[in-house]
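Q: Structure incoming, see below.
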Amino acid sequence: MFDYETLRVIWWMLLGVLLIAFAVMDGFDLGIGMLLHYVARNNEERRVVINSIGPVWEGNQVWLILGAGAIFAAWPDLYAISFSGFYFAMLLVLFALILRPVGFKYRSKLHNIYWRAMWDLGIFIAGLVPALCFGIALGNVLQGVPFYLDDMLRDFYTGSFRELFNPFAILCGLVSVVMLIMHGGVFLAIKTAGNIQKRAIHAAKICALLTILLFAIAGYWIVFKIAGYILTNDVSHIAASNPMHKQVMLQVGAWINNYKNYHALLIVPLSAFIGALAVLLLTSLRCYRLAWIFSAIAISSIIMTVGVSMFPFMLPSITHPEMSLLVWDSSSSQATLTIMLIASAVFIPLIVLYTGWVYYVLRGKVTQDEINKNTNAY
């Protein structure tokens with residue numbers, strides 16, 4: 001159907017699409033979890049907030065599963081190194097994500113203020129930890145991950161859990177946190193009314209400003225402080241997935257070379273600023289659905305900025321740059337990528353259609369009266 005080189009680029013783009021879909025669709029769930037204590041001041045208000053995402057959060061997580069599955073099947077070396085290197089961080093994310101369904105289900109089992117407060121805290125942690133850890137992971141990828149490959153292409157991670165929390169990675173984590181709070185606040189503006197809606201709009205505006213500010217600081221850091229990676233020989237013609245056949249050098253500001261060569265790509269980071277600015281304007285004009293779309297554009301653009309800046313690098317090695325993983329040398333076989341592409345062409349549209357139908361059925365605001373009438377509400 002496609003030649004090997006084209007298939008690799010297609011799957012690089014598909015991986016980006018899946019990661020963006022997770023950030024956009026499950027991102028507002030995480031953002032609402034982080035906003036729970038701010039926008040909802042009593043149990044009734046918190047029930048409204050929780051039920052605004054209660055029917056959809058499980059379906060939104062399917063994009064995380066698809067993204068992890070795509071990495072496993074299409075980029076096995078990337079999966080092996082990243083999941084083993086970030087093992088403890090992944091465990092933190094997993095434990096945090098487990099808190100969310102347990103918190104939703106258990107908080108209403110006992111009519112005790114301390115019981116509910118404990119599970120509300122769990123829901124907050126379940127929003128904050130994944131958002132922060134995913135951003136920190138991207139920050140470390142941009143700087144390079146300490147790993148190397150031996151003669152048999154076995155990977156060895158040489159870093160530590162503590163080293164993941166470096167200043168630039170923490171900055172990227174904060175970008176992730178504020179952009180998802182912005183996203184969650186705009187979603188609550190659509191689904192709620194009254195005091196909850198007012199507080200959510202206020203939080204969304206503040207976090208839109210913080211997204212602009214922190215993203216600009218991260219961009220300055222990438223251009224003037226961080227050593228990016230440059231491929232010094234052409235390996236795109238090599239068919240075999242062998243990361244040992246290339247030469248790489250480090251250079252401060254190298255991550256902007258793709259923008260210098262293709263000026264049209266500048267629309268990607270610019271769209272992040274435009275999207276966040278549009279959230280500020282549209283929430284003031286009470287155009288909340290349109291604001292949510294621009295919030296999604298801002299999130300998508302921030303993630304795409306990372307991918308576009310790094311291409312063709314998938315996972316750079318800070319200790320052995322010549323062993324970095326590229327789009328060209330770390331994928332599965334051509335047959336595997338072809339079969340997966342056919343399966344994706346069938347099932348991803350079905351997931352999109354079903355998700356759209358669910359949101360159409362569940363359109364409208366969540367009110368306290370509706371929750372009291374519905375015995376299945378959280």
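A note on labels: chains of the structure tokens are A, B, ... as shown, every chain counts residues from 1, and ligands are counted from 1 in their shown order.
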Env of Asn166 (chain A): 12 Å cut, atoms = only C-alpha atoms, seq-sep filter 2 positions within chain, self excluded. Answer as number ranges by chain.
A: A: 135-141, 143, 160-164, 168-173
Q: For the residues in the current selection, export C-alpha atoms as a short mmCIF file (atom, residue, chain, number, x, y, z; two decimals), in the first residue's frame.
A:
data_model
loop_
_atom_site.label_atom_id
_atom_site.label_comp_id
_atom_site.auth_asym_id
_atom_site.auth_seq_id
_atom_site.Cartn_x
_atom_site.Cartn_y
_atom_site.Cartn_z
CA GLY A 135 4.45 17.15 31.00
CA ILE A 136 7.59 16.22 32.91
CA ALA A 137 8.06 13.21 30.63
CA LEU A 138 7.89 15.42 27.53
CA GLY A 139 10.34 17.84 29.12
CA ASN A 140 12.83 15.03 29.64
CA VAL A 141 12.35 13.75 26.09
CA GLN A 143 16.40 17.26 26.69
CA SER A 160 17.30 7.86 38.08
CA PHE A 161 13.81 8.81 39.18
CA ARG A 162 15.09 11.97 40.90
CA GLU A 163 16.78 13.21 37.71
CA LEU A 164 13.41 13.33 35.94
CA PHE A 168 12.96 22.45 32.51
CA ALA A 169 10.95 19.24 32.93
CA ILE A 170 9.06 20.78 35.86
CA LEU A 171 8.32 23.83 33.69
CA CYS A 172 6.88 21.51 31.02
CA GLY A 173 4.85 19.79 33.73
#
Q: My list of candidates is A:Ser324, A:Ser309, A:Gln61, A:Ser317. Which is closest to Ala254 (chain A) when distances are computed with only C-alpha atoms?
A: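 Checking each of A:Ser324, A:Ser309, A:Gln61, A:Ser317 against Ala254 (chain A), counting only C-alpha atoms, the winner is A:Ser309.
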Q: Quick one: pick out all alpha helix (DSSP H) residues within region 187-231 of chain A from a backbone DSSP run and write them as number ranges by chain.
A: A: 187-191, 194-224
Q: Would you mind telling me which residue in A:Ser176, A:Ser284, A:Asn258, A:Ser330 lies nearest to His245 (chain A) when using only C-alpha atoms?
A: A:Ser330
Q: I'd like to know which of A:Leu30, A:Tyr288, A:Ala208, A:Glu45 is closest to Gly122 (chain A), using only C-alpha atoms.
A: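 Between A:Leu30, A:Tyr288, A:Ala208, A:Glu45, the residue approaching Gly122 (chain A) most closely is A:Leu30.
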Q: Just want the 12 Å neighbourhood of Asn372 (chain A), counted on only C-alpha atoms, with same-chain residues fewer than 5 positions away dropped. Output as a VMD selection string.
A: chain A and resid 44 47 to 48 51 366 to 367 377 to 378
Q: Write out as a VMD selection string which residues come within 12 Å of Ser300 (chain A) when counting only C-alpha atoms, dropping same-chain ones fewer than 5 positions away.
A: chain A and resid 16 to 25 27 176 179 to 180 183 268 to 276 293 to 295 305 to 308
Q: Please produce an output containing N, CA and C atoms for each residue in the selection, written as a PDB file, in the first residue's frame.
A:
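Written out: out.pdb:
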ATOM      1  N   GLY A  16       0.995  10.918  17.052  1.00  0.00           N
ATOM      2  CA  GLY A  16       0.696  12.273  17.498  1.00  0.00           C
ATOM      3  C   GLY A  16      -0.798  12.518  17.623  1.00  0.00           C
ATOM      4  N   VAL A  17      -1.572  12.016  16.663  1.00  0.00           N
ATOM      5  CA  VAL A  17      -3.029  12.178  16.699  1.00  0.00           C
ATOM      6  C   VAL A  17      -3.613  11.514  17.940  1.00  0.00           C
ATOM      7  N   LEU A  18      -3.146  10.310  18.261  1.00  0.00           N
ATOM      8  CA  LEU A  18      -3.661   9.588  19.428  1.00  0.00           C
ATOM      9  C   LEU A  18      -3.306  10.304  20.728  1.00  0.00           C
ATOM     10  N   LEU A  19      -2.085  10.818  20.812  1.00  0.00           N
ATOM     11  CA  LEU A  19      -1.683  11.539  22.017  1.00  0.00           C
ATOM     12  C   LEU A  19      -2.480  12.839  22.167  1.00  0.00           C
ATOM     13  N   ILE A  20      -2.714  13.522  21.054  1.00  0.00           N
ATOM     14  CA  ILE A  20      -3.517  14.742  21.090  1.00  0.00           C
ATOM     15  C   ILE A  20      -4.957  14.423  21.471  1.00  0.00           C
ATOM     16  N   ALA A  21      -5.507  13.339  20.913  1.00  0.00           N
ATOM     17  CA  ALA A  21      -6.875  12.951  21.241  1.00  0.00           C
ATOM     18  C   ALA A  21      -7.016  12.666  22.730  1.00  0.00           C
ATOM     19  N   PHE A  22      -6.005  12.007  23.310  1.00  0.00           N
ATOM     20  CA  PHE A  22      -6.054  11.757  24.751  1.00  0.00           C
ATOM     21  C   PHE A  22      -5.994  13.062  25.533  1.00  0.00           C
ATOM     22  N   ALA A  23      -5.088  13.956  25.148  1.00  0.00           N
ATOM     23  CA  ALA A  23      -4.940  15.221  25.873  1.00  0.00           C
ATOM     24  C   ALA A  23      -6.201  16.074  25.772  1.00  0.00           C
ATOM     25  N   VAL A  24      -6.851  16.068  24.609  1.00  0.00           N
ATOM     26  CA  VAL A  24      -8.049  16.884  24.416  1.00  0.00           C
ATOM     27  C   VAL A  24      -9.267  16.251  25.083  1.00  0.00           C
ATOM     28  N   MET A  25      -9.459  14.942  24.895  1.00  0.00           N
ATOM     29  CA  MET A  25     -10.674  14.296  25.366  1.00  0.00           C
ATOM     30  C   MET A  25     -10.619  13.928  26.850  1.00  0.00           C
ATOM     31  N   GLY A  27      -8.214  15.246  28.791  1.00  0.00           N
ATOM     32  CA  GLY A  27      -7.574  16.370  29.450  1.00  0.00           C
ATOM     33  C   GLY A  27      -8.534  17.199  30.279  1.00  0.00           C
ATOM     34  N   SER A 176       1.648  21.682  31.178  1.00  0.00           N
ATOM     35  CA  SER A 176       0.622  20.654  31.047  1.00  0.00           C
ATOM     36  C   SER A 176      -0.511  20.863  32.041  1.00  0.00           C
ATOM     37  N   MET A 179      -2.663  24.148  31.162  1.00  0.00           N
ATOM     38  CA  MET A 179      -3.457  24.058  29.931  1.00  0.00           C
ATOM     39  C   MET A 179      -4.637  23.107  30.124  1.00  0.00           C
ATOM     40  N   LEU A 180      -4.480  22.062  30.945  1.00  0.00           N
ATOM     41  CA  LEU A 180      -5.594  21.144  31.183  1.00  0.00           C
ATOM     42  C   LEU A 180      -6.611  21.740  32.147  1.00  0.00           C
ATOM     43  N   HIS A 183      -8.670  23.884  30.004  1.00  0.00           N
ATOM     44  CA  HIS A 183      -9.580  23.045  29.223  1.00  0.00           C
ATOM     45  C   HIS A 183     -10.754  22.578  30.074  1.00  0.00           C
ATOM     46  N   VAL A 268       2.332  26.244  13.848  1.00  0.00           N
ATOM     47  CA  VAL A 268       2.029  25.290  14.927  1.00  0.00           C
ATOM     48  C   VAL A 268       2.193  25.940  16.302  1.00  0.00           C
ATOM     49  N   PRO A 269       3.384  26.464  16.676  1.00  0.00           N
ATOM     50  CA  PRO A 269       3.465  27.124  17.992  1.00  0.00           C
ATOM     51  C   PRO A 269       2.618  28.391  18.083  1.00  0.00           C
ATOM     52  N   LEU A 270       2.480  29.116  16.960  1.00  0.00           N
ATOM     53  CA  LEU A 270       1.649  30.318  16.993  1.00  0.00           C
ATOM     54  C   LEU A 270       0.195  29.980  17.299  1.00  0.00           C
ATOM     55  N   SER A 271      -0.269  28.832  16.827  1.00  0.00           N
ATOM     56  CA  SER A 271      -1.649  28.414  17.079  1.00  0.00           C
ATOM     57  C   SER A 271      -1.902  28.170  18.558  1.00  0.00           C
ATOM     58  N   ALA A 272      -0.856  27.771  19.279  1.00  0.00           N
ATOM     59  CA  ALA A 272      -1.013  27.578  20.719  1.00  0.00           C
ATOM     60  C   ALA A 272      -1.332  28.904  21.407  1.00  0.00           C
ATOM     61  N   PHE A 273      -0.603  29.958  21.038  1.00  0.00           N
ATOM     62  CA  PHE A 273      -0.867  31.277  21.612  1.00  0.00           C
ATOM     63  C   PHE A 273      -2.238  31.806  21.176  1.00  0.00           C
ATOM     64  N   ILE A 274      -2.562  31.607  19.893  1.00  0.00           N
ATOM     65  CA  ILE A 274      -3.850  32.081  19.382  1.00  0.00           C
ATOM     66  C   ILE A 274      -4.999  31.381  20.096  1.00  0.00           C
ATOM     67  N   GLY A 275      -4.869  30.065  20.289  1.00  0.00           N
ATOM     68  CA  GLY A 275      -5.924  29.304  20.953  1.00  0.00           C
ATOM     69  C   GLY A 275      -6.156  29.771  22.378  1.00  0.00           C
ATOM     70  N   ALA A 276      -5.070  29.984  23.136  1.00  0.00           N
ATOM     71  CA  ALA A 276      -5.217  30.426  24.520  1.00  0.00           C
ATOM     72  C   ALA A 276      -5.782  31.848  24.592  1.00  0.00           C
ATOM     73  N   ILE A 293     -13.362  24.667  21.772  1.00  0.00           N
ATOM     74  CA  ILE A 293     -12.682  24.273  20.532  1.00  0.00           C
ATOM     75  C   ILE A 293     -11.304  24.930  20.456  1.00  0.00           C
ATOM     76  N   PHE A 294     -11.227  26.208  20.795  1.00  0.00           N
ATOM     77  CA  PHE A 294      -9.925  26.891  20.742  1.00  0.00           C
ATOM     78  C   PHE A 294      -9.006  26.413  21.860  1.00  0.00           C
ATOM     79  N   SER A 295      -9.575  26.030  22.984  1.00  0.00           N
ATOM     80  CA  SER A 295      -8.761  25.422  24.032  1.00  0.00           C
ATOM     81  C   SER A 295      -8.147  24.120  23.533  1.00  0.00           C
ATOM     82  N   THR A 305       3.887  21.054  18.616  1.00  0.00           N
ATOM     83  CA  THR A 305       5.143  21.805  18.624  1.00  0.00           C
ATOM     84  C   THR A 305       6.302  20.918  19.043  1.00  0.00           C
ATOM     85  N   VAL A 306       6.064  20.055  20.027  1.00  0.00           N
ATOM     86  CA  VAL A 306       7.110  19.120  20.463  1.00  0.00           C
ATOM     87  C   VAL A 306       7.475  18.177  19.328  1.00  0.00           C
ATOM     88  N   GLY A 307       6.462  17.583  18.684  1.00  0.00           N
ATOM     89  CA  GLY A 307       6.726  16.624  17.608  1.00  0.00           C
ATOM     90  C   GLY A 307       7.409  17.255  16.409  1.00  0.00           C
ATOM     91  N   VAL A 308       6.915  18.428  15.981  1.00  0.00           N
ATOM     92  CA  VAL A 308       7.488  19.100  14.822  1.00  0.00           C
ATOM     93  C   VAL A 308       8.920  19.542  15.103  1.00  0.00           C
TER      94      VAL A 308
END
Q: Out of A:Ile206, A:Ile230, A:Leu337, A:Ile371, which residue has the shortest atom-to-atom distance to Arg8 (chain A) when counting only C-alpha atoms?
A: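 Among A:Ile206, A:Ile230, A:Leu337, A:Ile371, it is A:Leu337 that comes nearest to Arg8 (chain A).
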Q: In Å to one decimal, how far is CA of Ile201 (chain A) from CA of Leu285 (chain A)?
A: 11.2 Å
Q: Please compute the CA of Trp292 (chain A)-CA of Val279 (chain A) distance, one decimal, in Å.
A: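 One can read the CA of Trp292 (chain A) to CA of Val279 (chain A) distance as 7.4 Å.
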Q: To one decimal in Å, tell me the separation between CA of Phe104 (chain A) and CA of Asn374 (chain A).
A: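 The value is 15.5 Å.
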Q: If we count only C-alpha atoms and set the cut-off at 12 Å, which residues sit around Asn43 (chain A), ignoring sequence neighbours fewer than 2 positions away in its own chain? Please answer as a tab-separated table (two decimals) with C-alpha atoms, in the first residue's frame.
A:
chain	number	residue	atom	x	y	z
A	36	LEU	CA	-12.91	20.32	42.07
A	37	HIS	CA	-12.14	22.09	45.35
A	39	VAL	CA	-15.23	25.54	41.73
A	40	ALA	CA	-17.33	23.45	44.14
A	41	ARG	CA	-17.59	24.61	47.75
A	45	GLU	CA	-21.81	21.50	44.02
A	46	ARG	CA	-19.15	18.78	43.94
A	47	ARG	CA	-21.75	16.24	42.86
A	48	VAL	CA	-22.69	18.52	39.98
A	49	VAL	CA	-19.03	18.85	38.94
A	50	ILE	CA	-18.33	15.12	39.19
A	107	ARG	CA	-17.40	9.07	47.84
A	108	SER	CA	-21.20	8.67	47.95
A	111	HIS	CA	-22.78	10.20	54.24
A	112	ASN	CA	-19.76	11.37	56.20
A	113	ILE	CA	-18.01	14.67	55.58
A	114	TYR	CA	-14.53	13.27	56.24
A	115	TRP	CA	-15.14	10.23	54.03
A	116	ARG	CA	-16.17	12.42	51.13
A	117	ALA	CA	-13.32	14.85	51.72
A	119	TRP	CA	-12.16	10.79	48.15
A	120	ASP	CA	-12.44	14.35	46.84
A	368	GLN	CA	-28.70	19.67	41.09
A	378	TYR	CA	-22.54	9.93	41.74
Q: Quick one: of A:Lys373, A:Ile125, A:Gly67, A:Gln197, who's nearest to Arg286 (chain A), counting only C-alpha atoms?
A: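 Using only C-alpha atoms, the shortest distance to Arg286 (chain A) belongs to A:Gln197.
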Q: Taking into account only C-alpha atoms, which residue in the set A:Leu277, A:Leu15, A:Leu326, A:Met304 is nearest to Leu64 (chain A)?
A: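 Closest residue, counting only C-alpha atoms: A:Leu15.
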